[in-house]
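Asker: This is the content of structure.cif (mmCIF, C-alpha atoms):
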```
data_start
#
loop_
_atom_site.label_atom_id
_atom_site.label_comp_id
_atom_site.auth_asym_id
_atom_site.auth_seq_id
_atom_site.Cartn_x
_atom_site.Cartn_y
_atom_site.Cartn_z
CA MET A 196 11.26 23.04 33.20
CA LYS A 197 12.52 26.52 32.24
CA ARG A 198 16.03 25.17 31.73
CA ALA A 199 14.72 22.41 29.46
CA MET A 200 12.71 24.92 27.44
CA LEU A 201 15.78 27.18 26.98
CA SER A 202 17.82 24.18 25.81
CA PHE A 203 15.12 23.29 23.30
CA LEU A 204 15.00 26.86 21.92
CA SER A 205 18.78 26.95 21.55
CA LEU A 206 18.64 23.65 19.65
CA VAL A 207 16.06 25.07 17.26
CA GLY A 208 18.30 28.07 16.63
CA THR A 209 21.23 25.85 15.61
CA CYS A 210 19.26 23.68 13.17
CA PRO A 211 20.27 23.55 9.47
CA VAL A 212 18.69 25.84 6.91
CA ALA A 213 15.83 23.40 6.27
CA GLN A 214 13.27 22.14 8.77
CA ALA A 215 10.25 19.86 8.44
CA GLN A 216 6.97 20.96 9.98
CA ASP A 217 4.07 18.57 10.62
CA LEU A 218 0.53 19.86 11.02
CA ALA A 219 -2.31 17.41 11.83
CA LEU A 220 -6.02 18.08 12.20
CA GLU A 221 -8.69 15.47 12.95
CA THR A 222 -12.39 16.20 13.33
CA GLY A 223 -15.48 14.03 13.35
CA ILE A 224 -19.08 13.53 14.26
CA ARG A 225 -20.82 10.56 15.86
CA PHE A 226 -24.54 10.16 16.31
CA SER A 227 -27.04 7.37 16.92
CA LEU A 228 -30.44 6.45 15.57
CA LYS A 229 -32.09 4.61 18.44
CA ARG A 230 -35.28 3.96 20.34
CA PRO A 231 -36.00 5.56 23.73
CA SER A 232 -33.26 4.78 26.28
CA SER A 233 -35.64 2.73 28.38
CA LEU A 234 -35.91 0.26 25.49
CA SER A 235 -32.38 0.50 24.09
CA PRO A 236 -30.45 -2.83 24.00
CA LEU A 237 -27.18 -0.86 23.87
CA ALA A 238 -27.81 0.67 27.31
CA TYR A 239 -29.74 -2.12 29.04
CA ALA A 240 -29.98 -5.87 29.02
CA PRO A 241 -31.20 -7.33 25.70
CA GLN A 242 -34.94 -7.82 25.44
CA THR A 243 -36.89 -10.15 23.21
CA TYR A 244 -38.95 -8.42 20.52
CA ARG A 245 -40.08 -9.04 16.99
CA VAL A 246 -37.85 -8.01 14.09
CA SER A 247 -40.79 -6.44 12.28
CA GLN A 248 -43.51 -4.72 14.23
CA PRO A 249 -46.11 -2.07 13.39
CA ARG A 250 -44.86 1.42 14.13
CA MET A 251 -48.37 2.75 14.67
CA GLU A 252 -51.92 1.47 14.65
CA ALA A 253 -53.38 2.57 11.34
CA ALA A 254 -55.31 1.18 8.45
CA ASN A 255 -52.06 0.25 6.71
CA PRO A 256 -49.35 -0.28 9.40
CA VAL A 257 -45.69 0.13 8.35
CA ASN A 258 -43.30 -2.64 9.38
CA ALA A 259 -39.93 -1.33 10.65
CA ASP A 260 -36.86 -2.55 12.44
CA ASP A 261 -36.31 -0.33 15.49
CA ARG A 262 -32.95 -1.63 16.61
CA ASP A 263 -30.24 0.88 17.53
CA GLN A 264 -27.79 2.23 14.95
CA ASP A 265 -24.52 3.97 15.74
CA ILE A 266 -23.20 6.14 12.88
CA GLN A 267 -19.73 7.72 12.82
CA ILE A 268 -18.20 10.22 10.40
CA ARG A 269 -14.52 11.14 10.90
CA PHE A 270 -12.24 13.45 8.93
CA HIS A 271 -8.44 13.56 9.20
CA LYS A 272 -6.05 15.98 7.52
CA SER A 273 -2.28 16.23 7.98
CA THR A 274 0.33 18.38 6.25
CA GLN A 275 4.13 18.29 6.21
CA ARG A 276 6.05 21.27 4.85
CA LEU A 277 9.75 21.88 4.26
CA LEU A 278 10.62 25.26 5.80
CA ARG A 279 13.77 27.10 4.77
CA THR A 280 15.23 29.66 7.10
CA GLY A 281 16.94 32.91 6.20
CA ALA A 282 17.05 34.43 2.76
CA ALA A 283 16.54 31.07 1.04
CA MET A 284 12.87 30.96 2.03
CA PRO A 285 10.58 31.93 -0.89
CA LEU A 286 7.86 34.49 -0.44
CA ASP A 287 5.23 32.54 -2.36
CA PRO A 288 3.71 29.77 -0.11
CA HIS A 289 2.92 27.74 -3.23
CA MET A 290 6.68 27.36 -3.84
CA LEU A 291 7.15 25.48 -0.55
CA SER A 292 7.69 21.73 -0.70
CA ARG A 293 4.58 20.19 0.85
CA SER A 294 3.09 16.73 1.45
CA ARG A 295 -0.57 16.44 2.44
CA MET A 296 -2.87 13.56 3.39
CA THR A 297 -6.67 13.84 3.55
CA ARG A 298 -8.77 10.92 4.81
CA TYR A 299 -12.40 10.43 5.78
CA VAL A 300 -14.25 7.51 7.40
CA MET A 301 -17.97 6.69 7.34
CA GLU A 302 -19.27 3.80 9.43
CA ASP A 303 -22.62 2.39 10.61
CA ARG A 304 -23.07 -0.19 13.38
CA TRP A 305 -26.28 -1.94 14.33
CA LEU A 306 -27.53 -4.98 16.23
CA ILE A 307 -28.85 -8.14 14.57
CA GLY A 308 -30.59 -10.21 17.19
CA ASP A 309 -29.37 -10.30 20.76
CA GLN A 310 -25.80 -11.54 20.14
CA VAL A 311 -24.78 -10.33 16.67
CA THR A 312 -23.43 -6.88 15.78
CA ALA A 313 -22.77 -5.74 12.20
CA THR A 314 -20.56 -2.87 11.06
CA MET A 315 -20.35 -1.57 7.49
CA GLY A 316 -18.72 1.46 5.99
CA TRP A 317 -15.94 2.82 3.84
CA HIS A 318 -13.12 5.32 3.89
CA GLY A 319 -11.35 7.41 1.29
CA ILE A 320 -7.88 8.91 1.08
CA LYS A 321 -5.90 11.41 -0.99
CA ILE A 322 -2.13 11.92 -0.74
CA SER A 323 -0.44 14.77 -2.62
CA ASN A 324 3.25 15.77 -2.77
CA ARG A 325 3.77 19.20 -4.30
CA ASN A 326 6.68 21.36 -5.46
CA ALA A 327 9.72 19.18 -4.97
CA ASN A 328 13.20 20.62 -4.61
CA VAL A 329 14.56 21.01 -8.17
CA THR A 330 11.32 19.76 -9.69
CA VAL A 331 9.37 22.91 -8.89
CA GLY A 332 7.07 23.46 -11.82
CA PRO A 333 3.39 23.75 -12.68
CA GLY A 334 0.77 22.42 -10.27
CA ARG A 335 0.04 19.41 -12.47
CA ASP A 336 3.48 17.97 -11.64
CA ARG A 337 2.34 16.79 -8.21
CA LEU A 338 3.01 13.24 -7.07
CA ARG A 339 -0.56 12.34 -6.17
CA THR A 340 -2.68 9.27 -5.29
CA ARG A 341 -6.35 9.05 -4.32
CA ASP A 342 -9.14 6.52 -3.83
CA TRP A 343 -12.41 7.73 -2.31
CA PHE A 344 -14.06 4.32 -1.79
CA LEU A 345 -12.31 1.59 0.22
CA PRO A 346 -15.04 -0.57 1.84
CA HIS A 347 -14.88 -2.52 5.08
CA ALA A 348 -17.38 -4.75 6.91
CA ASN A 349 -17.41 -6.63 10.19
CA LEU A 350 -19.75 -9.21 11.76
CA VAL A 351 -19.38 -10.12 15.47
CA LEU A 352 -21.06 -12.98 17.33
CA GLN A 353 -20.86 -12.86 21.15
CA THR A 354 -21.58 -16.36 22.42
CA GLY A 355 -21.93 -15.92 26.15
CA GLN A 356 -19.41 -13.99 28.22
CA ALA A 357 -16.25 -15.90 27.28
CA LEU A 358 -16.22 -16.43 23.49
CA ARG A 359 -16.34 -13.84 20.73
CA LEU A 360 -16.32 -14.73 17.00
CA SER A 361 -15.80 -12.19 14.22
CA LEU A 362 -15.65 -12.07 10.41
CA ASP A 363 -13.99 -9.07 8.78
CA TYR A 364 -13.35 -7.73 5.26
CA ALA A 365 -11.30 -4.62 4.50
CA GLU A 366 -9.50 -2.84 1.66
CA LYS A 367 -6.55 -0.48 2.25
CA LEU A 368 -4.15 1.75 0.34
CA ARG A 369 -0.73 3.17 1.16
CA ALA A 370 1.05 5.72 -1.00
CA TYR A 371 4.38 7.51 -0.94
CA SER A 372 4.30 10.74 1.06
CA GLU A 373 7.42 12.81 1.59
CA THR A 374 8.82 16.28 1.36
CA GLY A 375 12.33 17.72 1.46
CA ILE A 376 15.48 17.52 -0.63
CA SER A 377 15.86 13.74 -0.94
CA GLY A 378 14.06 10.91 -2.71
CA PRO A 379 11.66 11.89 -5.50
CA MET A 380 11.74 15.41 -4.10
CA GLY A 381 15.39 15.71 -5.14
CA LEU A 382 15.32 14.28 -8.68
CA ASP A 383 15.78 16.31 -11.80
CA HIS A 384 12.54 17.26 -13.52
CA ASP A 385 12.55 14.63 -16.29
CA THR A 386 13.42 11.75 -13.95
CA TYR A 387 10.74 12.92 -11.54
CA LEU A 388 8.09 12.89 -14.27
CA GLN A 389 9.11 9.38 -15.30
CA LEU A 390 8.78 8.17 -11.70
CA ARG A 391 5.38 9.83 -11.38
CA ARG A 392 4.12 7.89 -14.42
CA THR A 393 5.31 4.50 -13.14
CA LEU A 394 4.88 4.67 -9.34
CA LYS A 395 1.78 2.83 -8.09
CA PRO A 396 0.22 2.87 -4.61
CA GLU A 397 0.31 -0.24 -2.43
CA THR A 398 -3.15 -1.83 -2.13
CA GLN A 399 -4.55 -4.81 -0.27
CA SER A 400 -7.82 -6.65 0.28
CA ARG A 401 -8.17 -9.05 3.22
CA VAL A 402 -10.72 -11.42 4.74
CA GLN A 403 -10.17 -12.43 8.38
CA MET A 404 -11.91 -14.78 10.82
CA GLN A 405 -11.04 -14.43 14.51
CA ALA A 406 -11.97 -16.12 17.78
CA ASP A 407 -11.30 -14.46 21.15
CA TRP A 408 -11.66 -16.52 24.32
CA THR A 409 -11.56 -15.08 27.85
CA ALA A 410 -10.35 -18.04 29.90
CA THR A 411 -10.22 -16.02 33.13
CA PRO A 412 -10.69 -12.30 33.84
CA ALA A 413 -6.89 -11.92 33.51
CA LEU A 414 -6.15 -14.37 30.65
CA ASN A 415 -7.19 -13.93 27.00
CA LEU A 416 -6.44 -16.12 23.99
CA SER A 417 -7.11 -15.32 20.32
CA LEU A 418 -6.78 -17.13 17.01
CA ALA A 419 -7.07 -15.34 13.65
CA LEU A 420 -7.11 -16.80 10.13
CA HIS A 421 -6.71 -14.41 7.21
CA GLY A 422 -6.24 -14.42 3.47
CA GLY A 423 -6.18 -12.02 0.55
CA ARG A 424 -3.94 -10.06 -1.82
CA LEU A 425 -1.21 -7.48 -1.36
CA ASP A 426 -0.41 -5.67 -4.62
CA ASP A 427 2.53 -3.41 -5.52
CA GLN A 428 4.17 -3.41 -2.09
CA LEU A 429 6.36 -0.32 -1.62
CA ARG A 430 9.79 -0.65 0.00
CA PHE A 431 12.96 1.39 0.43
CA THR A 432 16.12 -0.57 -0.31
CA GLY A 433 19.23 -0.03 1.80
CA ARG A 434 19.55 3.61 2.79
CA GLY A 435 17.69 4.74 -0.31
CA THR A 436 14.85 7.24 -0.20
CA LEU A 437 13.23 6.26 -3.50
CA PRO A 438 10.21 3.92 -3.19
CA VAL A 439 10.57 0.64 -5.05
CA ASN A 440 7.74 -1.65 -6.18
CA SER A 441 8.74 -5.01 -4.69
CA GLY A 442 5.89 -6.99 -6.26
CA SER A 443 2.53 -8.56 -5.42
CA ALA A 444 1.50 -11.71 -3.60
CA ARG A 445 -1.40 -13.76 -2.32
CA ILE A 446 -1.13 -14.36 1.44
CA GLU A 447 -2.79 -16.94 3.69
CA GLY A 448 -1.85 -17.10 7.35
CA ALA A 449 -2.76 -17.49 11.02
CA ILE A 450 -1.99 -15.61 14.23
CA LEU A 451 -2.14 -17.09 17.75
CA ALA A 452 -1.83 -14.71 20.70
CA VAL A 453 -1.97 -14.99 24.51
CA HIS A 454 -2.39 -11.98 26.80
CA HIS A 455 -2.11 -12.17 30.60
CA GLN A 456 -2.72 -9.39 33.15
CA ALA A 457 -0.41 -10.71 35.87
CA THR A 458 -0.89 -7.80 38.27
CA PRO A 459 -2.80 -4.51 38.11
CA GLN A 460 0.47 -2.84 36.99
CA TRP A 461 2.13 -5.56 34.88
CA GLN A 462 1.00 -7.57 31.85
CA TRP A 463 2.72 -9.79 29.29
CA SER A 464 1.82 -11.33 25.93
CA VAL A 465 3.09 -13.91 23.44
CA ARG A 466 2.26 -13.87 19.72
CA TYR A 467 3.05 -16.35 16.95
CA SER A 468 2.24 -15.78 13.29
CA GLY A 469 2.76 -17.98 10.26
CA ALA A 470 1.91 -17.27 6.64
CA ARG A 471 2.13 -18.84 3.22
CA VAL A 472 3.11 -16.23 0.62
CA ARG A 473 2.65 -16.96 -3.08
CA VAL A 474 4.62 -14.26 -4.88
CA SER A 475 3.31 -13.28 -8.32
CA GLY A 476 5.53 -14.93 -10.92
CA GLY A 477 7.46 -16.78 -8.22
CA ALA A 478 7.37 -19.72 -5.84
CA MET A 479 5.62 -20.34 -2.55
CA VAL A 480 7.47 -18.92 0.49
CA HIS A 481 6.70 -19.40 4.20
CA GLU A 482 7.09 -16.57 6.73
CA HIS A 483 6.78 -16.85 10.51
CA SER A 484 7.39 -14.68 13.56
CA LEU A 485 7.47 -15.19 17.33
CA SER A 486 7.26 -12.17 19.65
CA VAL A 487 7.12 -11.60 23.42
CA GLY A 488 6.03 -8.31 24.95
CA THR A 489 5.53 -6.82 28.37
CA THR A 490 4.01 -3.59 29.70
CA TRP A 491 4.32 -1.97 33.11
CA GLN A 492 2.27 1.00 34.28
CA ASN A 493 2.25 2.76 37.62
CA GLY A 494 0.78 6.20 38.14
CA PRO A 495 2.04 8.60 35.46
CA TRP A 496 4.73 6.15 34.25
CA ARG A 497 4.29 3.58 31.50
CA ALA A 498 7.02 1.36 30.00
CA ALA A 499 6.86 -1.29 27.27
CA LEU A 500 9.33 -3.77 25.76
CA ALA A 501 8.88 -6.20 22.84
CA LEU A 502 11.26 -8.81 21.39
CA ALA A 503 10.58 -10.61 18.09
CA ARG A 504 12.35 -13.26 16.04
CA ASN A 505 11.42 -13.39 12.35
CA SER A 506 12.11 -15.72 9.48
CA ALA A 507 13.61 -14.51 6.21
CA PRO A 508 11.13 -12.28 4.32
CA ALA A 509 9.43 -13.56 1.19
CA LEU A 510 10.81 -10.64 -0.82
CA PRO A 511 14.52 -9.73 -0.61
CA VAL A 512 15.32 -6.69 1.54
CA HIS A 513 18.57 -4.95 2.52
CA ASP A 514 18.15 -5.59 6.26
CA GLN A 515 17.43 -9.26 7.00
CA ARG A 516 18.10 -9.30 10.76
CA ALA A 517 16.22 -12.07 12.55
CA MET A 518 15.87 -10.23 15.89
CA ARG A 519 13.86 -7.05 16.43
CA ILE A 520 13.63 -4.98 19.63
CA GLU A 521 11.16 -2.21 20.37
CA ALA A 522 10.75 -0.25 23.60
CA GLY A 523 9.13 2.88 24.92
CA VAL A 524 8.71 5.01 28.05
CA ASP A 525 5.88 7.50 28.62
CA TYR A 526 5.39 9.97 31.45
CA ALA A 527 2.13 11.90 31.91
CA LEU A 528 2.79 15.29 33.46
CA ALA A 529 0.24 17.15 35.50
CA GLU A 530 -2.18 19.19 33.44
CA ILE A 531 -0.82 22.52 32.26
CA GLY A 532 -3.53 25.12 31.89
CA GLY A 533 -6.15 22.37 32.04
CA ARG A 534 -4.51 20.40 29.18
CA PRO A 535 -2.70 17.05 29.70
CA LEU A 536 0.96 16.79 28.63
CA THR A 537 2.75 13.48 27.95
CA MET A 538 6.50 13.09 27.38
CA SER A 539 7.64 9.98 25.46
CA LEU A 540 10.82 8.23 24.36
CA HIS A 541 10.34 5.35 21.90
CA MET A 542 12.64 3.03 19.97
CA SER A 543 11.08 1.46 16.87
CA ASP A 544 12.27 -1.41 14.67
CA PRO A 545 9.67 -2.03 11.90
CA ASP A 546 8.68 -5.50 10.75
CA ARG A 547 9.91 -6.25 7.21
CA LEU A 548 7.83 -9.37 6.61
CA MET A 549 5.23 -9.10 3.86
CA SER A 550 2.73 -10.97 6.05
CA GLY A 551 3.39 -8.55 8.91
CA ALA A 552 2.29 -5.52 6.91
CA PHE A 553 -0.68 -7.52 5.59
CA ALA A 554 -1.95 -8.45 9.09
CA ARG A 555 -1.98 -4.92 10.56
CA ASP A 556 -5.40 -3.57 11.56
CA ASP A 557 -5.15 0.06 10.49
CA LEU A 558 -6.61 2.45 7.96
CA SER A 559 -5.08 3.58 4.69
CA GLY A 560 -2.25 6.06 5.08
CA SER A 561 1.01 7.49 3.86
CA LEU A 562 4.39 5.77 3.57
CA ARG A 563 7.78 7.41 4.18
CA ALA A 564 11.32 6.13 4.14
CA SER A 565 11.57 6.80 7.89
CA ASP A 566 8.67 4.37 8.50
CA GLN A 567 10.89 1.42 7.50
CA ALA A 568 14.02 2.41 9.41
CA ARG A 569 15.10 1.84 13.01
CA ALA A 570 14.67 5.02 14.98
CA VAL A 571 14.69 6.58 18.44
CA MET A 572 12.07 9.30 18.85
CA ALA A 573 11.46 11.74 21.69
CA SER A 574 8.09 13.47 21.62
CA ALA A 575 5.64 15.56 23.61
CA ARG A 576 1.85 15.33 23.25
CA LEU A 577 -0.37 18.15 24.42
CA GLY A 578 -4.13 17.56 24.52
CA TRP A 579 -6.23 20.46 23.27
#
```
Starting from the coordinates I provided, produce the structure as structure tokens.
Answerer:
Amino acid sequence: MKRAMLSFLSLVGTCPVAQAQDLALETGIRFSLKRPSSLSPLAYAPQTYRVSQPRMEAANPVNADDRDQDIQIRFHKSTQRLLRTGAAMPLDPHMLSRSRMTRYVMEDRWLIGDQVTATMGWHGIKISNRNANVTVGPGRDRLRTRDWFLPHANLVLQTGQALRLSLDYAEKLRAYSETGISGPMGLDHDTYLQLRRTLKPETQSRVQMQADWTATPALNLSLALHGGRLDDQLRFTGRGTLPVNSGSARIEGAILAVHHQATPQWQWSVRYSGARVRVSGGAMVHEHSLSVGTTWQNGPWRAALALARNSAPALPVHDQRAMRIEAGVDYALAEIGGRPLTMSLHMSDPDRLMSGAFARDDLSGSLRASDQARAVMASARLGW
């Protein structure tokens, strides 16, 4: 361990004069508004009771719904700075190239009847890129995007123990986020200002219906139908680092997936997706993808492998390979000072289909050129 640490420190000492530093902070609060635990349907078997009932015996009783509510508030903040070593580093921290993302989530979940659960909420995001390389100027020259209200809602019906039906609506946003000496951060000042006036964030709104069926305790099947719009999709062409608006489209598609837990240590899955993409100002294009994945876990070790074969994307891209391969290995070390440490080695190969980005179940976030490139990443995660 000491030898590995010395090797890492020597590598840091031989790095170029510029380094990127990522700082992430996520906080949140979760609380519930519920009846006494002895009557709570979230903790015990559902009981039959009236939707409206008098809260107290009085001359004018107040009707109220006393079902449980689960409220969550989360706040996430991440910062990436370009650090320059030696004499080139400025003294003023405001002259450092910096990219920052701030995001919050508010969500409320409650029961409707004995089998239906509803979730409603929204999230907001702000992404700001400040003080680019040769574009260092006044604070108003930041490359910035923000939207503080992106709603989402979900309705789940649990019919017995085997079948689960859900209806979901969500809006998302992705915006360019980068720092350093390339891309928009490396343009001359006038070209940078022109890009700032024309660059739009990628937005989407999607409605999805999904059915999950548990055939056996080890076998699960799911079918999802979705539709909506994807506007101003951002891409990076070739080896370029400048974001390009590749257009908008209306997407309608379906996803069929099978997941099987073969043994306590080994599981496999198959997923097929097909979509009909109507590009704005263009023709109708069909996209489809077939992927097979497997995961093995034993003690502190975990390994995963996924193979996918895609059709040609609806919008032209530089890399149109049909086959994609992704893999990863994780090893959980013993706790150090009471904190868990996980070492990882992952190989990523992002999906370039327009329907693939549209079907992802994630929150709004930032977009970098490295997110759309094949990469091998070694990392260490320390729990605080």
Asker: For CA of Val487 in chain A and CA of Gln462 in chain A, quote the distance in Å rounded to one decimal.
Answerer: 11.2 Å
Asker: Evaluating the PyMOL selection byres ((chain A and resi 404) around 6) on the displayed file yields which residues, as a VMD selection string?
Answerer: chain A and resid 361 to 362 403 405 419 to 420
Asker: Please dump the current selection as a short mmCIF file (atom, residue, chain, number, x, y, z; two decimals), in the frame of the given file; keep C-alpha atoms.
Answerer:
```
data_model
loop_
_atom_site.label_atom_id
_atom_site.label_comp_id
_atom_site.auth_asym_id
_atom_site.auth_seq_id
_atom_site.Cartn_x
_atom_site.Cartn_y
_atom_site.Cartn_z
CA SER A 361 -15.80 -12.19 14.22
CA LEU A 362 -15.65 -12.07 10.41
CA GLN A 403 -10.17 -12.43 8.38
CA GLN A 405 -11.04 -14.43 14.51
CA ALA A 419 -7.07 -15.34 13.65
CA LEU A 420 -7.11 -16.80 10.13
#
```
Asker: As a ChimeraX atom specification, please: the residues near Ala503 in chain A (cut-off 6 Å, only C-alpha atoms, same-chain neighbours under 2 positions excluded).
Answerer: /A:485-486,518-519
Asker: Keeping C-alpha atoms for every residue in the selection just given, could you write it to a file as a PDB file, keeping the file's coordinate frame?
Answerer:
```
ATOM      1  CA  LEU A 485       7.470 -15.190  17.330  1.00  0.00           C
ATOM      2  CA  SER A 486       7.260 -12.170  19.650  1.00  0.00           C
ATOM      3  CA  MET A 518      15.870 -10.230  15.890  1.00  0.00           C
ATOM      4  CA  ARG A 519      13.860  -7.050  16.430  1.00  0.00           C
TER       5      ARG A 519
END
```
Asker: Interatomic distance between CA of Leu416 in chain A and CA of Thr490 in chain A?
Answerer: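 For CA of Leu416 in chain A relative to CA of Thr490 in chain A, the distance reads 17.3 Å.
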Asker: For the interface of range 379-441 of chain A with range 543-548 of chain A (cut-off 12 Å, counting all atoms listed in the file), please tabulate each contacting residue of range 379-441 of chain A alongside its nearest pair of atoms and their separation in Å to one decimal, rows sorted by chain and increasing number, as a Markdown table.
Answerer:
```
| residue | atom | partner | partner_atom | distance |
| --- | --- | --- | --- | --- |
| A:Gln428 | CA | A:Leu548 | CA | 11.2 |
| A:Leu429 | CA | A:Arg547 | CA | 11.2 |
| A:Arg430 | CA | A:Arg547 | CA | 9.1 |
| A:Phe431 | CA | A:Arg547 | CA | 10.7 |
| A:Thr432 | CA | A:Arg547 | CA | 11.3 |
```
Asker: I need the output of the PyMOL selection byres ((chain A and resi 474) around 12) for this file as a ChimeraX atom specification; which residues are they?
Answerer: /A:424-428,441-447,471-473,475-481,508-511,549-550
Asker: Please write the residues from the selection above to a file, keeping C-alpha atoms, as a PDB file, keeping the file's coordinate frame.
Answerer:
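Generated file (out33.pdb):
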```pdb
ATOM      1  CA  ARG A 424      -3.940 -10.060  -1.820  1.00  0.00           C
ATOM      2  CA  LEU A 425      -1.210  -7.480  -1.360  1.00  0.00           C
ATOM      3  CA  ASP A 426      -0.410  -5.670  -4.620  1.00  0.00           C
ATOM      4  CA  ASP A 427       2.530  -3.410  -5.520  1.00  0.00           C
ATOM      5  CA  GLN A 428       4.170  -3.410  -2.090  1.00  0.00           C
ATOM      6  CA  SER A 441       8.740  -5.010  -4.690  1.00  0.00           C
ATOM      7  CA  GLY A 442       5.890  -6.990  -6.260  1.00  0.00           C
ATOM      8  CA  SER A 443       2.530  -8.560  -5.420  1.00  0.00           C
ATOM      9  CA  ALA A 444       1.500 -11.710  -3.600  1.00  0.00           C
ATOM     10  CA  ARG A 445      -1.400 -13.760  -2.320  1.00  0.00           C
ATOM     11  CA  ILE A 446      -1.130 -14.360   1.440  1.00  0.00           C
ATOM     12  CA  GLU A 447      -2.790 -16.940   3.690  1.00  0.00           C
ATOM     13  CA  ARG A 471       2.130 -18.840   3.220  1.00  0.00           C
ATOM     14  CA  VAL A 472       3.110 -16.230   0.620  1.00  0.00           C
ATOM     15  CA  ARG A 473       2.650 -16.960  -3.080  1.00  0.00           C
ATOM     16  CA  SER A 475       3.310 -13.280  -8.320  1.00  0.00           C
ATOM     17  CA  GLY A 476       5.530 -14.930 -10.920  1.00  0.00           C
ATOM     18  CA  GLY A 477       7.460 -16.780  -8.220  1.00  0.00           C
ATOM     19  CA  ALA A 478       7.370 -19.720  -5.840  1.00  0.00           C
ATOM     20  CA  MET A 479       5.620 -20.340  -2.550  1.00  0.00           C
ATOM     21  CA  VAL A 480       7.470 -18.920   0.490  1.00  0.00           C
ATOM     22  CA  HIS A 481       6.700 -19.400   4.200  1.00  0.00           C
ATOM     23  CA  PRO A 508      11.130 -12.280   4.320  1.00  0.00           C
ATOM     24  CA  ALA A 509       9.430 -13.560   1.190  1.00  0.00           C
ATOM     25  CA  LEU A 510      10.810 -10.640  -0.820  1.00  0.00           C
ATOM     26  CA  PRO A 511      14.520  -9.730  -0.610  1.00  0.00           C
ATOM     27  CA  MET A 549       5.230  -9.100   3.860  1.00  0.00           C
ATOM     28  CA  SER A 550       2.730 -10.970   6.050  1.00  0.00           C
TER      29      SER A 550
END
```
Asker: For the file shown, what are the residues hit by the PyMOL selection byres ((chain A and resi 494) around 12), laid out as a PyMOL selection string?
Answerer: chain A and resi 459-460+491-493+495-498+525-529
Asker: Might you pull out every residue within 6 Å of range 450-453 of chain A, with all atoms listed in the file counted and same-chain residues fewer than 6 positions away left off, and present them as a ChimeraX atom specification?
Answerer: /A:415-419,464-468
Asker: I'd like to know which of A:Tyr387, A:Phe553, A:Trp317, A:Trp463 is closest to Ala449 in chain A, using all atoms listed in the file.
Answerer: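 Going through A:Tyr387, A:Phe553, A:Trp317, A:Trp463 one by one, the smallest distance to Ala449 in chain A is for A:Phe553.
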Asker: So, with all atoms listed in the file as the atoms that count, which of A:Ser561, A:Gln353, A:Thr436, A:Thr409 lies closest to Gln456 in chain A?
Answerer: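 So, comparing all the options, the nearest one is A:Thr409.
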Asker: How many Å separate CA of Pro346 in chain A from CA of Gly422 in chain A?
Answerer: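 Computing it gives 16.5 Å between the two atoms.
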Asker: Produce the centre coordinates and the three edge lengths, each in Å to one decimal, of the box along x, y and z that contains all listed atoms of range 567-570 of chain A with 5 Å added on each side, as JSON.
Answerer:
```
{"center_x": 13.0, "center_y": 3.2, "center_z": 11.2, "size_x": 14.2, "size_y": 13.6, "size_z": 17.5}
```
